[in-house]
file data.txt (compact mmCIF, C-alpha atoms and all ligand atoms)
# COMPACT_ATOMS: atom_id res chain seq x y z
CA MET M 1 8.94 -15.17 2.78
CA GLY M 2 5.92 -14.04 4.74
CA ILE M 3 2.44 -13.50 3.37
CA ILE M 4 2.66 -9.73 3.88
CA SER M 5 6.08 -9.25 2.33
CA SER M 6 5.09 -11.42 -0.67
CA ALA M 7 1.81 -9.59 -1.34
CA SER M 8 1.54 -6.73 -3.82
CA ARG M 9 0.54 -3.38 -2.41
CA ASN M 10 -2.86 -3.78 -4.02
CA SER M 11 -3.49 -7.27 -2.59
CA LEU M 12 -2.25 -6.14 0.79
CA TRP M 13 -4.70 -3.25 1.15
CA ARG M 14 -7.62 -5.03 -0.46
CA GLY M 15 -6.95 -7.97 1.84
CA TYR M 16 -6.87 -5.56 4.76
CA ASP M 17 -10.25 -4.15 3.68
CA TYR M 18 -11.65 -7.69 3.42
CA PHE M 19 -10.43 -8.44 6.93
CA VAL M 20 -11.92 -5.22 8.34
CA GLY M 21 -15.14 -5.87 6.36
CA LYS M 22 -15.39 -9.26 8.11
CA ARG M 23 -15.24 -11.20 4.87
CA VAL M 24 -13.27 -13.99 6.52
CA LEU M 25 -16.23 -16.20 7.40
CA SER M 26 -14.33 -18.91 9.28
CA PHE M 27 -10.89 -20.38 9.77
CA THR M 28 -9.29 -23.34 11.45
CA LYS M 29 -5.79 -24.20 12.49
CA ILE M 30 -4.35 -27.20 10.69
CA SER M 31 -0.89 -27.19 12.26
CA ASP M 32 1.41 -24.73 14.01
CA PHE M 33 1.95 -22.88 10.73
CA GLU M 34 -0.94 -23.94 8.48
CA TYR M 35 -4.47 -22.55 8.53
CA SER M 36 -7.49 -22.89 6.28
CA GLY M 37 -10.47 -20.63 5.95
CA ILE M 38 -13.39 -19.38 3.88
CA VAL M 39 -13.21 -15.84 2.53
CA LYS M 40 -16.17 -14.15 0.90
CA GLY M 41 -15.34 -12.41 -2.36
CA SER M 42 -17.66 -12.48 -5.35
CA GLN M 43 -17.98 -16.12 -4.25
CA GLN M 44 -16.81 -17.99 -1.19
CA TYR M 45 -13.20 -18.99 -1.67
CA HIS M 46 -11.31 -21.74 0.09
CA VAL M 47 -7.99 -20.45 1.32
CA THR M 48 -5.08 -22.14 3.02
CA ILE M 49 -2.03 -20.29 4.24
CA ASP M 50 1.34 -21.54 5.33
CA VAL M 51 2.90 -18.84 7.47
CA ASN M 52 6.38 -20.33 7.11
CA HIS M 53 6.20 -20.70 3.33
CA SER M 54 3.80 -18.24 1.75
CA ARG M 55 4.39 -19.92 -1.64
CA LYS M 56 2.67 -23.04 -0.35
CA SER M 57 -0.49 -21.07 0.43
CA THR M 58 -3.50 -21.69 -1.81
CA CYS M 59 -6.74 -20.00 -2.83
CA ASP M 60 -9.27 -21.15 -5.40
CA CYS M 61 -10.10 -17.64 -6.67
CA PRO M 62 -9.42 -16.96 -10.39
CA LEU M 63 -6.35 -14.84 -9.68
CA ALA M 64 -4.49 -17.25 -7.42
CA LYS M 65 -5.79 -20.67 -8.49
CA ASP M 66 -2.82 -22.91 -9.38
CA LYS M 67 -0.51 -19.94 -8.95
CA ARG M 68 1.81 -18.71 -6.24
CA ILE M 69 0.26 -15.25 -6.18
CA VAL M 70 -0.61 -13.88 -2.74
CA CYS M 71 -4.16 -12.68 -3.41
CA LYS M 72 -6.30 -10.48 -1.16
CA HIS M 73 -8.09 -13.57 0.22
CA LYS M 74 -4.84 -15.00 1.59
CA VAL M 75 -3.99 -11.63 3.09
CA ALA M 76 -7.47 -11.32 4.64
CA LEU M 77 -7.20 -14.80 6.18
CA PHE M 78 -3.73 -13.97 7.51
CA PHE M 79 -5.04 -10.83 9.22
CA ALA M 80 -8.03 -12.71 10.66
CA ILE M 81 -5.63 -15.17 12.28
CA PHE M 82 -3.10 -12.50 13.31
CA PRO M 83 -5.09 -9.30 13.91
CA HIS M 84 -2.09 -7.58 15.55
CA GLU M 85 -0.33 -7.78 12.17
CA ALA M 86 -3.19 -5.76 10.63
CA GLU M 87 -2.86 -3.15 13.38
CA ALA M 88 0.90 -2.99 12.81
CA LEU M 89 0.37 -2.49 9.07
CA LEU M 90 -2.05 0.36 9.65
CA LYS M 91 0.28 1.97 12.19
CA ARG M 92 3.21 1.79 9.75
CA ALA M 93 1.08 3.35 7.00
CA GLU M 94 -0.05 6.17 9.30
CA GLU M 95 3.52 6.85 10.40
CA TYR M 96 4.64 6.92 6.79
CA GLU M 97 1.89 9.42 5.91
CA GLU M 98 2.88 11.67 8.81
CA GLU M 99 6.51 11.55 7.71
CA GLU M 100 5.46 12.33 4.15
CA GLU M 101 3.50 15.34 5.33
CA GLU M 102 6.50 16.58 7.31
CA ARG M 103 8.73 16.11 4.27
CA ARG M 104 6.26 18.08 2.13
CA GLU M 105 6.06 20.92 4.65
CA GLN M 106 9.83 21.00 4.90
CA HIS M 107 10.13 21.13 1.11
CA VAL M 108 7.66 24.02 0.87
CA GLU M 109 9.67 25.86 3.54
CA GLU M 110 12.92 25.27 1.63
CA ILE M 111 11.37 26.68 -1.54
CA ARG M 112 10.00 29.70 0.35
CA GLN M 113 13.40 30.48 1.81
CA GLU M 114 15.06 30.12 -1.57
CA VAL M 115 12.52 32.41 -3.25
CA PHE M 116 12.86 35.12 -0.59
CA LYS M 117 16.62 35.27 -1.21
CA LEU M 118 16.18 36.04 -4.91
CA SER M 119 16.45 39.49 -6.44
CA LYS M 120 13.64 40.89 -8.59
CA ALA M 121 15.55 40.10 -11.78
CA GLU M 122 16.21 36.54 -10.65
CA LEU M 123 12.54 36.12 -9.69
CA ARG M 124 11.44 37.26 -13.16
CA GLU M 125 13.89 34.89 -14.80
CA ARG M 126 12.76 31.94 -12.62
CA LEU M 127 9.07 32.71 -13.16
CA ILE M 128 9.51 32.82 -16.94
CA ASN M 129 11.35 29.49 -16.87
CA ALA M 130 8.72 27.95 -14.59
CA LEU M 131 5.87 29.12 -16.85
CA LEU M 132 7.63 27.73 -19.91
CA ALA M 133 8.19 24.41 -18.12
CA LEU M 134 4.49 24.31 -17.18
CA GLU M 135 3.52 24.91 -20.82
CA GLU M 136 5.80 22.12 -21.96
CA ASN M 137 4.30 19.74 -19.41
CA LYS M 138 0.81 20.59 -20.62
CA THR M 139 1.59 19.87 -24.24
CA ASP M 140 3.14 16.54 -23.21
CA TYR M 141 -0.33 15.23 -22.40
CA TYR M 142 -1.58 15.58 -25.97
ZN ZN Y 201 -7.82 -15.58 -3.67
call {"tool": "encode", "arguments": {"input": "data.txt", "output": "structure tokens", "more": "lines below"}}
Ligand SMILES: [Zn+2]
result
Amino acid sequence: MGIISSASRNSLWRGYDYFVGKRVLSFTKISDFEYSGIVKGSQQYHVTIDVNHSRKSTCDCPLAKDKRIVCKHKVALFFAIFPHEAEALLKRAEEYEEEEEERREQHVEEIRQEVFKLSKAELRERLINALLALEENKTDYY
């Protein structure tokens, strides 16, 4: 499994921010698939990543120390080594947001069309039901 696919959404985007914020201070190539680097968090952390086996990657931060968790430092180092992967991630996120917006607009249009087909009596009935549902949702919070 790759570093990106093994990272949580949170680690992925925080790692991306660390990369963009130039918090990866240095890195070196150890072998064709292993790299080590220093990433600046609240302290400077020593990170190694294995691009073939993300589980073999290490970081001495409190979250990932002695664990197989892909923390934001590993993600940041990965992006520093492979900046095109960071660009690809951002592009995918932007495309997803555009698609989401289209889906939302389409949904609004569907609702509009449905509402315009309704008779006055049906509209009253729907509005009453919608208001009651809203009230029920409100009380759910208490
Ligand atoms: Zn870490």
call {"tool": "closest_residue", "arguments": {"input": "data.txt", "among": "M:Lys72, M:Arg104, M:Glu98, M:Leu77", "to": "Arg14 (chain M)", "atoms": "only C-alpha atoms"}}
result
M:Lys72
call {"tool": "residues_near_ligand", "arguments": {"input": "data.txt", "ligand": "ligand ZN 201 (chain Y)", "cutoff": "9 Å", "atoms": "only C-alpha atoms and all ligand atoms", "output": "PDB file with C-alpha atoms, in the frame of the given file"}}
result
ATOM      1  CA  VAL M  39     -13.210 -15.840   2.530  1.00  0.00           C
ATOM      2  CA  GLY M  41     -15.340 -12.410  -2.360  1.00  0.00           C
ATOM      3  CA  TYR M  45     -13.200 -18.990  -1.670  1.00  0.00           C
ATOM      4  CA  HIS M  46     -11.310 -21.740   0.090  1.00  0.00           C
ATOM      5  CA  VAL M  47      -7.990 -20.450   1.320  1.00  0.00           C
ATOM      6  CA  THR M  58      -3.500 -21.690  -1.810  1.00  0.00           C
ATOM      7  CA  CYS M  59      -6.740 -20.000  -2.830  1.00  0.00           C
ATOM      8  CA  ASP M  60      -9.270 -21.150  -5.400  1.00  0.00           C
ATOM      9  CA  CYS M  61     -10.100 -17.640  -6.670  1.00  0.00           C
ATOM     10  CA  PRO M  62      -9.420 -16.960 -10.390  1.00  0.00           C
ATOM     11  CA  LEU M  63      -6.350 -14.840  -9.680  1.00  0.00           C
ATOM     12  CA  ALA M  64      -4.490 -17.250  -7.420  1.00  0.00           C
ATOM     13  CA  LYS M  65      -5.790 -20.670  -8.490  1.00  0.00           C
ATOM     14  CA  ILE M  69       0.260 -15.250  -6.180  1.00  0.00           C
ATOM     15  CA  VAL M  70      -0.610 -13.880  -2.740  1.00  0.00           C
ATOM     16  CA  CYS M  71      -4.160 -12.680  -3.410  1.00  0.00           C
ATOM     17  CA  LYS M  72      -6.300 -10.480  -1.160  1.00  0.00           C
ATOM     18  CA  HIS M  73      -8.090 -13.570   0.220  1.00  0.00           C
ATOM     19  CA  LYS M  74      -4.840 -15.000   1.590  1.00  0.00           C
ATOM     20  CA  VAL M  75      -3.990 -11.630   3.090  1.00  0.00           C
TER      21      VAL M  75
END
call {"tool": "closest_residue", "arguments": {"input": "data.txt", "among": "M:Lys67, M:Thr48, M:Ser57, M:Pro83", "to": "Lys22 (chain M)", "atoms": "only C-alpha atoms"}}
result
M:Pro83
call {"tool": "atom_distance", "arguments": {"input": "data.txt", "atom1": "CA of Asn137 (chain M)", "atom2": "CA of Arg124 (chain M)"}}
result
19.9 Å
call {"tool": "closest_residue", "arguments": {"input": "data.txt", "among": "M:Arg68, M:His84, M:His53, M:Lys29", "to": "Tyr16 (chain M)", "atoms": "all atoms listed in the file"}}
result
M:His84
call {"tool": "closest_residue", "arguments": {"input": "data.txt", "among": "M:Leu90, M:Leu12, M:Ala76, M:Ile81", "to": "Glu34 (chain M)", "atoms": "only C-alpha atoms"}}
result
M:Ile81
call {"tool": "closest_residue", "arguments": {"input": "data.txt", "among": "M:Asp32, M:Asp66, M:Asp17, M:Glu114", "to": "Ala86 (chain M)", "atoms": "all atoms listed in the file"}}
result
M:Asp17
call {"tool": "atom_distance", "arguments": {"input": "data.txt", "atom1": "CA of Tyr18 (chain M)", "atom2": "CA of Gln43 (chain M)"}}
result
13.0 Å
call {"tool": "atom_distance", "arguments": {"input": "data.txt", "atom1": "CA of Ile128 (chain M)", "atom2": "CA of Glu105 (chain M)"}}
result
24.9 Å
